[in-house]
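> The structure file entry36.cif (mmCIF, C-alpha atoms and all ligand atoms) is provided below.
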```
data_upload
loop_
_atom_site.label_atom_id
_atom_site.label_comp_id
_atom_site.auth_asym_id
_atom_site.auth_seq_id
_atom_site.Cartn_x
_atom_site.Cartn_y
_atom_site.Cartn_z
CA MET A 1 43.95 25.66 41.27
CA LYS A 2 45.33 23.15 43.79
CA GLN A 3 43.17 20.42 42.25
CA LYS A 4 44.52 21.29 38.79
CA ILE A 5 48.10 21.05 40.06
CA TYR A 6 47.46 17.60 41.56
CA SER A 7 45.78 16.52 38.37
CA HIS A 8 48.93 17.56 36.42
CA LEU A 9 51.09 15.71 38.93
CA ALA A 10 49.01 12.56 38.52
CA SER A 11 49.34 12.68 34.74
CA ILE A 12 53.10 13.24 34.99
CA TYR A 13 53.20 10.25 37.32
CA THR A 14 51.27 8.18 34.74
CA HIS A 15 53.80 9.29 32.11
CA LEU A 16 56.77 8.29 34.31
CA MET A 17 55.26 4.88 35.04
CA ARG A 18 54.88 3.99 31.34
CA SER A 19 58.15 2.05 31.34
CA ILE A 20 56.98 -0.34 34.06
CA ASP A 21 56.12 -3.81 32.85
CA TYR A 22 52.61 -3.92 34.27
CA ASP A 23 51.67 -6.95 32.12
CA THR A 24 54.21 -9.11 33.94
CA TRP A 25 53.22 -7.59 37.25
CA ALA A 26 49.54 -8.29 36.59
CA ASP A 27 50.28 -11.92 35.60
CA TYR A 28 52.11 -12.37 38.90
CA ILE A 29 49.21 -10.90 40.92
CA ILE A 30 46.79 -13.24 39.12
CA LYS A 31 49.00 -16.24 39.90
CA LEU A 32 49.13 -15.20 43.55
CA SER A 33 45.34 -14.92 43.65
CA GLN A 34 45.17 -18.52 42.42
CA GLN A 35 46.64 -19.61 45.76
CA LEU A 36 43.15 -19.03 47.18
CA ASN A 37 41.08 -22.20 47.53
CA THR A 38 38.22 -20.70 45.58
CA ASN A 39 37.40 -19.52 42.09
CA LYS A 40 35.34 -16.66 43.41
CA ILE A 41 37.66 -13.76 44.07
CA ILE A 42 36.43 -10.71 45.91
CA ALA A 43 39.41 -8.38 45.63
CA LEU A 44 40.50 -5.16 47.24
CA GLU A 45 43.53 -3.27 45.97
CA LEU A 46 45.25 -0.83 48.31
CA ALA A 47 47.14 2.16 46.91
CA SER A 48 46.18 1.32 43.35
CA GLY A 49 47.49 4.61 42.01
CA THR A 50 46.40 5.39 38.46
CA GLY A 51 44.99 1.88 37.86
CA SER A 52 47.69 0.41 35.64
CA LEU A 53 47.34 -2.97 37.32
CA ALA A 54 43.62 -2.62 37.84
CA GLU A 55 42.83 -2.44 34.14
CA ARG A 56 44.80 -5.67 33.59
CA VAL A 57 43.57 -7.77 36.53
CA ASN A 58 39.96 -6.55 36.63
CA LYS A 59 38.54 -9.30 34.43
CA TYR A 60 39.92 -12.08 36.66
CA PHE A 61 38.04 -10.97 39.76
CA ASP A 62 34.34 -11.47 40.53
CA PHE A 63 34.20 -8.24 42.46
CA TYR A 64 36.97 -5.68 42.72
CA VAL A 65 37.40 -2.39 44.52
CA CYS A 66 40.40 -0.11 44.12
CA THR A 67 41.55 2.40 46.71
CA ASP A 68 44.17 5.10 47.02
CA LEU A 69 44.90 8.01 49.29
CA SER A 70 44.87 10.32 46.29
CA LEU A 71 41.66 11.18 44.46
CA GLU A 72 43.67 12.60 41.57
CA MET A 73 45.45 9.27 41.07
CA LEU A 74 42.14 7.39 41.05
CA LYS A 75 40.72 9.86 38.54
CA GLN A 76 43.40 8.77 36.04
CA PHE A 77 41.86 5.28 35.63
CA SER A 78 41.15 4.52 31.99
CA ASN A 79 38.53 1.95 33.03
CA ASN A 80 35.83 3.93 34.77
CA THR A 81 33.70 0.89 35.54
CA ILE A 82 36.01 -0.22 38.37
CA PRO A 83 34.71 0.97 41.76
CA ARG A 84 37.20 3.30 43.42
CA VAL A 85 37.35 4.62 46.96
CA VAL A 86 39.66 7.30 48.30
CA CYS A 87 41.06 6.06 51.59
CA ASP A 88 44.17 5.58 53.63
CA MET A 89 45.29 1.96 53.71
CA THR A 90 45.72 2.31 57.47
CA LEU A 91 42.09 3.39 57.88
CA LEU A 92 39.87 1.21 55.72
CA PRO A 93 36.21 2.16 55.55
CA PHE A 94 34.77 -1.23 54.48
CA LYS A 95 32.20 -3.29 56.35
CA ASN A 96 32.13 -6.11 53.82
CA LYS A 97 34.94 -8.68 53.54
CA PHE A 98 37.31 -9.51 50.71
CA ASN A 99 39.16 -12.78 50.19
CA PHE A 100 42.06 -11.26 48.23
CA ILE A 101 43.60 -8.01 49.40
CA PHE A 102 46.71 -6.77 47.67
CA SER A 103 48.98 -3.82 47.20
CA ALA A 104 51.70 -3.43 44.59
CA PHE A 105 54.77 -1.47 43.67
CA ASP A 106 56.34 -0.30 46.92
CA SER A 107 53.14 1.28 48.19
CA VAL A 108 53.60 -0.24 51.64
CA ASN A 109 56.99 1.52 51.84
CA TYR A 110 55.03 4.79 51.98
CA LEU A 111 54.12 3.84 55.55
CA THR A 112 57.14 5.38 57.22
CA THR A 113 56.63 4.21 60.80
CA LYS A 114 56.24 0.76 62.30
CA GLU A 115 53.06 1.95 64.03
CA LYS A 116 51.52 2.63 60.62
CA LEU A 117 52.54 -0.79 59.34
CA LEU A 118 50.91 -2.44 62.36
CA LYS A 119 47.81 -0.34 61.75
CA LEU A 120 47.74 -1.57 58.15
CA PHE A 121 47.88 -5.20 59.31
CA LYS A 122 45.09 -4.57 61.83
CA GLU A 123 42.83 -2.86 59.29
CA VAL A 124 43.37 -5.50 56.60
CA GLU A 125 42.67 -8.25 59.13
CA LEU A 126 39.23 -6.71 59.73
CA CYS A 127 38.38 -6.67 56.01
CA LEU A 128 39.80 -10.08 55.08
CA THR A 129 37.78 -13.32 55.15
CA ASN A 130 39.18 -16.04 57.43
CA ASP A 131 40.50 -18.04 54.49
CA GLY A 132 41.66 -14.98 52.56
CA ILE A 133 45.11 -13.84 51.46
CA PHE A 134 46.78 -10.48 51.95
CA THR A 135 49.74 -9.95 49.62
CA PHE A 136 52.01 -6.96 49.08
CA ASP A 137 55.51 -6.27 47.84
CA VAL A 138 58.14 -4.19 49.57
CA SER A 139 61.18 -2.53 48.17
CA LEU A 140 64.37 -3.49 50.01
CA GLU A 141 67.68 -1.71 50.35
CA ASN A 142 69.33 -3.37 47.35
CA ASN A 143 66.54 -2.03 45.15
CA SER A 144 67.13 1.52 46.39
CA LYS A 145 70.88 1.23 45.94
CA ARG A 146 70.64 -0.29 42.48
CA TYR A 147 67.97 1.89 40.92
CA GLN A 148 68.24 5.31 42.56
CA ARG A 149 70.43 6.77 39.83
CA TYR A 150 68.16 5.58 37.00
CA LEU A 151 65.29 7.55 38.51
CA ASN A 152 67.00 10.90 38.11
CA ARG A 153 65.35 12.21 35.00
CA LYS A 154 63.63 15.20 33.47
CA GLY A 155 61.32 15.95 30.59
CA LYS A 156 58.36 17.90 29.33
CA ILE A 157 54.75 16.88 28.79
CA ASP A 158 51.92 19.13 27.60
CA GLY A 159 54.19 22.15 28.06
CA ILE A 160 54.94 21.27 31.70
CA ARG A 161 58.54 20.60 32.67
CA TYR A 162 59.28 17.97 35.30
CA LYS A 163 62.37 16.79 37.06
CA GLN A 164 62.60 13.70 39.25
CA ILE A 165 65.37 13.44 41.81
CA SER A 166 65.78 10.07 43.45
CA LYS A 167 68.03 9.63 46.46
CA TYR A 168 68.42 7.01 49.10
CA GLU A 169 69.56 8.18 52.55
CA GLU A 170 71.18 5.09 53.92
CA THR A 171 71.52 6.22 57.55
CA LYS A 172 67.80 7.06 57.83
CA ARG A 173 66.81 4.24 55.46
CA ILE A 174 64.57 6.71 53.62
CA HIS A 175 64.24 6.79 49.84
CA TYR A 176 63.17 10.18 48.52
CA ASN A 177 61.64 10.83 45.12
CA ILE A 178 61.40 14.55 44.60
CA PHE A 179 59.28 15.85 41.74
CA GLU A 180 59.89 19.44 40.62
CA ILE A 181 57.23 20.73 38.27
CA GLU A 182 57.39 23.96 36.29
CA PHE A 183 54.23 25.17 34.58
CA GLU A 184 54.11 27.14 31.34
CA ASN A 185 53.50 30.38 33.28
CA GLY A 186 56.69 29.83 35.31
CA ASP A 187 54.95 28.65 38.51
CA LYS A 188 56.91 25.88 40.24
CA ILE A 189 55.91 23.24 42.74
CA THR A 190 57.80 20.46 44.43
CA GLU A 191 56.32 17.21 45.69
CA ILE A 192 58.35 14.91 47.91
CA HIS A 193 57.62 11.19 48.09
CA LYS A 194 59.18 9.52 51.09
CA GLN A 195 59.50 5.76 51.44
CA LYS A 196 60.88 3.84 54.40
CA ILE A 197 63.22 1.03 53.45
CA TYR A 198 62.71 -1.36 56.35
CA ARG A 199 65.09 -4.23 56.93
CA PHE A 200 63.81 -7.56 55.58
CA GLU A 201 63.72 -9.02 59.12
CA GLU A 202 61.71 -6.07 60.45
CA TYR A 203 58.64 -7.16 58.49
CA PHE A 204 58.73 -10.59 60.16
CA GLN A 205 59.20 -9.03 63.60
CA LEU A 206 56.20 -6.76 63.05
CA LEU A 207 54.08 -9.54 61.62
CA ASP A 208 54.75 -11.57 64.77
CA LYS A 209 52.83 -8.85 66.59
CA SER A 210 49.91 -9.10 64.19
CA ASN A 211 47.24 -11.69 63.59
CA PHE A 212 48.91 -12.79 60.35
CA TYR A 213 51.50 -15.40 59.58
CA VAL A 214 53.79 -15.41 56.58
CA GLU A 215 52.72 -18.28 54.37
CA HIS A 216 55.35 -17.34 51.79
CA CYS A 217 57.79 -14.54 51.23
CA TYR A 218 58.91 -14.67 47.62
CA ASP A 219 61.64 -12.91 45.77
CA ALA A 220 59.19 -10.71 43.83
CA PHE A 221 57.95 -11.99 40.45
CA THR A 222 59.16 -15.50 41.32
CA PHE A 223 58.08 -18.31 43.63
CA ASP A 224 61.54 -18.60 45.22
CA ASP A 225 62.11 -17.52 48.79
CA ALA A 226 63.25 -13.94 49.33
CA ASN A 227 66.08 -13.02 51.67
CA SER A 228 67.68 -9.85 52.98
CA GLU A 229 69.69 -9.49 49.76
CA SER A 230 66.60 -9.49 47.55
CA GLU A 231 65.64 -6.25 45.86
CA ARG A 232 61.92 -6.72 46.32
CA ALA A 233 60.01 -9.16 48.51
CA GLN A 234 56.46 -10.37 48.03
CA PHE A 235 54.66 -11.27 51.25
CA ILE A 236 51.76 -13.74 51.21
CA LEU A 237 49.93 -13.55 54.52
CA ARG A 238 47.11 -15.53 56.03
CA LYS A 239 45.26 -15.05 59.28
CA LYS A 240 46.69 -16.87 62.29
CA SER A 241 43.36 -17.43 63.92
CA LYS A 242 39.75 -17.09 62.94
CA CYS A 243 38.28 -13.80 64.06
C1 LIG B 301 54.42 3.89 43.91
S1 LIG B 301 52.72 4.29 43.78
C2 LIG B 301 52.08 2.71 43.27
C3 LIG B 301 50.75 2.81 42.63
C4 LIG B 301 50.19 1.50 42.07
N1 LIG B 301 50.10 0.46 43.07
C5 LIG B 301 50.99 1.00 40.89
O1 LIG B 301 51.42 -0.15 40.89
O2 LIG B 301 51.17 1.77 39.93
C6 LIG B 301 52.23 4.47 45.45
C7 LIG B 301 50.78 4.84 45.66
O3 LIG B 301 50.53 4.76 47.07
C8 LIG B 301 49.57 5.74 47.40
N2 LIG B 301 49.64 5.90 48.87
C9 LIG B 301 50.64 6.40 49.59
N3 LIG B 301 50.35 6.34 50.90
C10 LIG B 301 49.12 5.78 51.01
C11 LIG B 301 48.27 5.44 52.08
N4 LIG B 301 48.63 5.68 53.35
N5 LIG B 301 47.07 4.87 51.82
C12 LIG B 301 46.69 4.62 50.54
N6 LIG B 301 47.45 4.92 49.46
C13 LIG B 301 48.66 5.49 49.69
C14 LIG B 301 49.99 6.93 46.58
O4 LIG B 301 48.93 7.87 46.43
C15 LIG B 301 50.38 6.25 45.27
O5 LIG B 301 49.28 6.19 44.38
#
```
Now that the file is in, can you turn its structure into structure tokens?
Ligand SMILES: C[S@@+](CC[C@H](N)C(=O)[O-])C[C@H]1O[C@@H](n2cnc3c(N)ncnc32)[C@H](O)[C@@H]1O

Amino acid sequence: MKQKIYSHLASIYTHLMRSIDYDTWADYIIKLSQQLNTNKIIALELASGTGSLAERVNKYFDFYVCTDLSLEMLKQFSNNTIPRVVCDMTLLPFKNKFNFIFSAFDSVNYLTTKEKLLKLFKEVELCLTNDGIFTFDVSLENNSKRYQRYLNRKGKIDGIRYKQISKYEETKRIHYNIFEIEFENGDKITEIHKQKIYRFEEYFQLLDKSNFYVEHCYDAFTFDDANSESERAQFILRKKSKC
């Protein structure tokens, strides 16, 4: 029963994500991968969700593995030829190395403590080749403030009612997305997604403690520098030293 509920949640999530311009997002990821000094791209995607980006970027990579904490999200992939592994991005199970590791669409904001962010950097470092790139975007406060009201919505798919409540708690710097689901038989469940909206500068302070340096930090979807007023920042990291 629990599995069925999570499967419904994953398909509602897919439905809610349909308005996202994944084509543009995929083009941007491909351009970022071209900053590698090689044509052979061995890619690892962290928190790939239902595979909306994966199905678009797959053909550009020589080898590509997708991961997510949620099995039900990975089961939603329309392209079943892409290898998928259920794992926490702060606990990566890979022995082989990748030269392009990426995560998209606020997924890193799901790591709600600085300890977890540092753990992510440590784990990625172990799986990344010495000349590889780790890139991810983060949602910043202006994004939460601007978009929170647009994400309050409700609807019905396959007889299941859903309601999304989006609220940003400025004092805690936590953005909540609350999904209330009501099944045809009247059963209700609530799932709460919690994202930490770190200050722009906090990422740099944490990265100073890691073995990465920030090669670029772009205002997402562009190649201009981000700043604390940006809505979304795209970090391009490389290893500081060979290890
Ligand atoms: C906002 S969705 C983005 C999904 C996908 N990247 C996209 O662009 O559609 C966030 C994803 O992060 C995953 N996630 C959250 N915490 C995670 C963790 N610690 N490790 C791996 N995945 C995680 C969730 O299961 C969810 O699929």
> Restricting the calculation to all atoms listed in the file, which member of A:Leu151, A:Leu237, A:Met73, A:Leu9 is positioned closest to Asp131 (chain A)?
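Counting all atoms listed in the file, the residue closest to Asp131 (chain A) is A:Leu237.
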> Hey, which of A:Leu140, A:Val86, A:Ile197, A:Ile236 ends up closest to ligand LIG 301 (chain B)? Count only C-alpha atoms and all ligand atoms.
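Among the listed residues, the smallest separation from ligand LIG 301 (chain B) belongs to A:Val86.
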> Please check which protein, DNA or RNA residues sit within 7 Å of ligand LIG 301 (chain B), counting only C-alpha atoms and all ligand atoms, and write them as a VMD selection string.
chain A and resid 46 to 53 67 to 70 73 87 to 90 103 to 107 110 to 111
> Calculated over all atoms listed in the file, which of the candidates A:Thr14, A:Ser78, A:Gln35, A:Thr190 has the smallest distance to Phe223 (chain A)?
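Of all the options, A:Gln35 lies closest to Phe223 (chain A).
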> Out of A:Phe102, A:Tyr162, A:Tyr147, A:Phe61, which residue has the shortest atom-to-atom distance to Glu184 (chain A) when counting all atoms listed in the file?
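Residue with the minimum atom-to-atom distance to Glu184 (chain A): A:Tyr162.
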> Using all atoms listed in the file, which of A:Ala54, A:Cys217, A:Ile157, A:Leu207 sits nearest Leu117 (chain A)?
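Result for the nearest residue to Leu117 (chain A): A:Leu207.
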> Taking all atoms listed in the file into account, name the residue in A:Ser33, A:Gln195, A:Gln234, A:Gln76 that is nearest to Lys172 (chain A).
A:Gln195
> Please indicate the distance in Å from CA of Cys66 (chain A) to CA of Pro83 (chain A), rounded to one decimal place.
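Going from CA of Cys66 (chain A) over to CA of Pro83 (chain A) covers 6.3 Å.
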> What gap, in Å, lies between CA of Leu36 (chain A) and CA of Asn99 (chain A)?
8.0 Å
> To one decimal place in Å, what is the distance between CA of Asn58 (chain A) and CA of His8 (chain A)?
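Straight-line distance from CA of Asn58 (chain A) to CA of His8 (chain A) works out to 25.7 Å.
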> Write out as number ranges by chain each polymer residue whose atoms come within 12 Å of Asn185 (chain A), counting all atoms listed in the file; drop sequence neighbours fewer than 2 positions from it.
A: 159-161, 181-183, 187-188
> Pull C-alpha atoms from the residues just selected and write them as a PDB file, in the frame of the given file.

```
ATOM      1  CA  GLY A 159      54.190  22.150  28.060  1.00  0.00           C
ATOM      2  CA  ILE A 160      54.940  21.270  31.700  1.00  0.00           C
ATOM      3  CA  ARG A 161      58.540  20.600  32.670  1.00  0.00           C
ATOM      4  CA  ILE A 181      57.230  20.730  38.270  1.00  0.00           C
ATOM      5  CA  GLU A 182      57.390  23.960  36.290  1.00  0.00           C
ATOM      6  CA  PHE A 183      54.230  25.170  34.580  1.00  0.00           C
ATOM      7  CA  ASP A 187      54.950  28.650  38.510  1.00  0.00           C
ATOM      8  CA  LYS A 188      56.910  25.880  40.240  1.00  0.00           C
TER       9      LYS A 188
END
```
> Contacts of Tyr176 (chain A) at 10 Å or less, counting all atoms listed in the file, minus same-chain residues fewer than 3 places along, as a ChimeraX atom specification?
/A:144,148,164-169,173,179,192-196
> Please identify all polymer residues within 6 Å of Ile101 (chain A), counting all atoms listed in the file, omitting same-chain residues fewer than 3 positions from it, and present them as a PyMOL selection string.
chain A and resi 43-45+134
> If we draw a sphere of 8 Å around (38.3, -2.1, 59.0), which residues have at least one atom in it when counting only C-alpha atoms? Please report them as a list in words.
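Neighbouring residues, ordered by chain and number, come to Leu91, Leu92, Pro93, Phe94, Lys95, Lys122, Glu123, Val124, Glu125, Leu126 and Cys127 of chain A.
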> Once you have the residues from the selection above, write them out as a JSON list (two decimals), in the coordinates of the input, restricted to C-alpha atoms.

```
[["chain", "number", "residue", "atom", "x", "y", "z"],
["A", 91, "LEU", "CA", 42.09, 3.39, 57.88],
["A", 92, "LEU", "CA", 39.87, 1.21, 55.72],
["A", 93, "PRO", "CA", 36.21, 2.16, 55.55],
["A", 94, "PHE", "CA", 34.77, -1.23, 54.48],
["A", 95, "LYS", "CA", 32.20, -3.29, 56.35],
["A", 122, "LYS", "CA", 45.09, -4.57, 61.83],
["A", 123, "GLU", "CA", 42.83, -2.86, 59.29],
["A", 124, "VAL", "CA", 43.37, -5.50, 56.60],
["A", 125, "GLU", "CA", 42.67, -8.25, 59.13],
["A", 126, "LEU", "CA", 39.23, -6.71, 59.73],
["A", 127, "CYS", "CA", 38.38, -6.67, 56.01]]
```
